[in-house]
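Trainee: My questions will all concern the structure given below.
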Amino acid sequence: MNLDEVVKLNELFDVYGELLTSYQRDVLSDFLKFNLSFSEIAENRNVSRQAVFIVLNKCIKKLEEYEKKVRAVKIRNDFNNKISESIKLLEMGDIKNALINLKEEV
């Protein structure tokens, strides 16, 4: 898993993590927040590496399905980008275009 995928997964987890079971949240948190390997997670939880692999894959699929349906992460990122663009316009003194940018739908 590359860095971009980890960042995306962290965003999904931040938004939809509460929709996972507590066990799924804990395993995914061990992987994402504490950067533990499958072996380390398996050892800490007294399960096999395969069990960790299965749980993590299920978590990832669930989080991606939630985002596909709800799009909360995309909406949040689009909103943040729009705000950043508007701030840049304001810093350049372009109040008119900053306001136009903010009025456009995300």
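Each chain in the structure tokens gets a letter, A, B and so on, in the order shown; residues start at 1 in every chain, and ligands are counted from 1 in the order they appear.
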For range 59-67 of chain A, list every protein, DNA or RNA residue within 8 Å, evaluated using only C-alpha atoms, and leave out those in the same chain fewer than 5 positions away; present the list as a PyMOL selection string.
Mentor: chain A and resi 9+12-13+16-17+20+24+28+72-74
Trainee: Determine which residues of range 12-51 of chain A receive a DSSP assignment of alpha helix (DSSP H), computed from the backbone, and state them as a ChimeraX atom specification.
Mentor: /A:12-16,22-32,38-45,49-51
Trainee: Need to verify the contact set: range 84-88 of chain A, 12 Å, only C-alpha atoms, exclusion of same-chain residues closer than 2 positions in sequence. Can you return it as a ChimeraX atom specification?
Mentor: /A:77-82,90-104
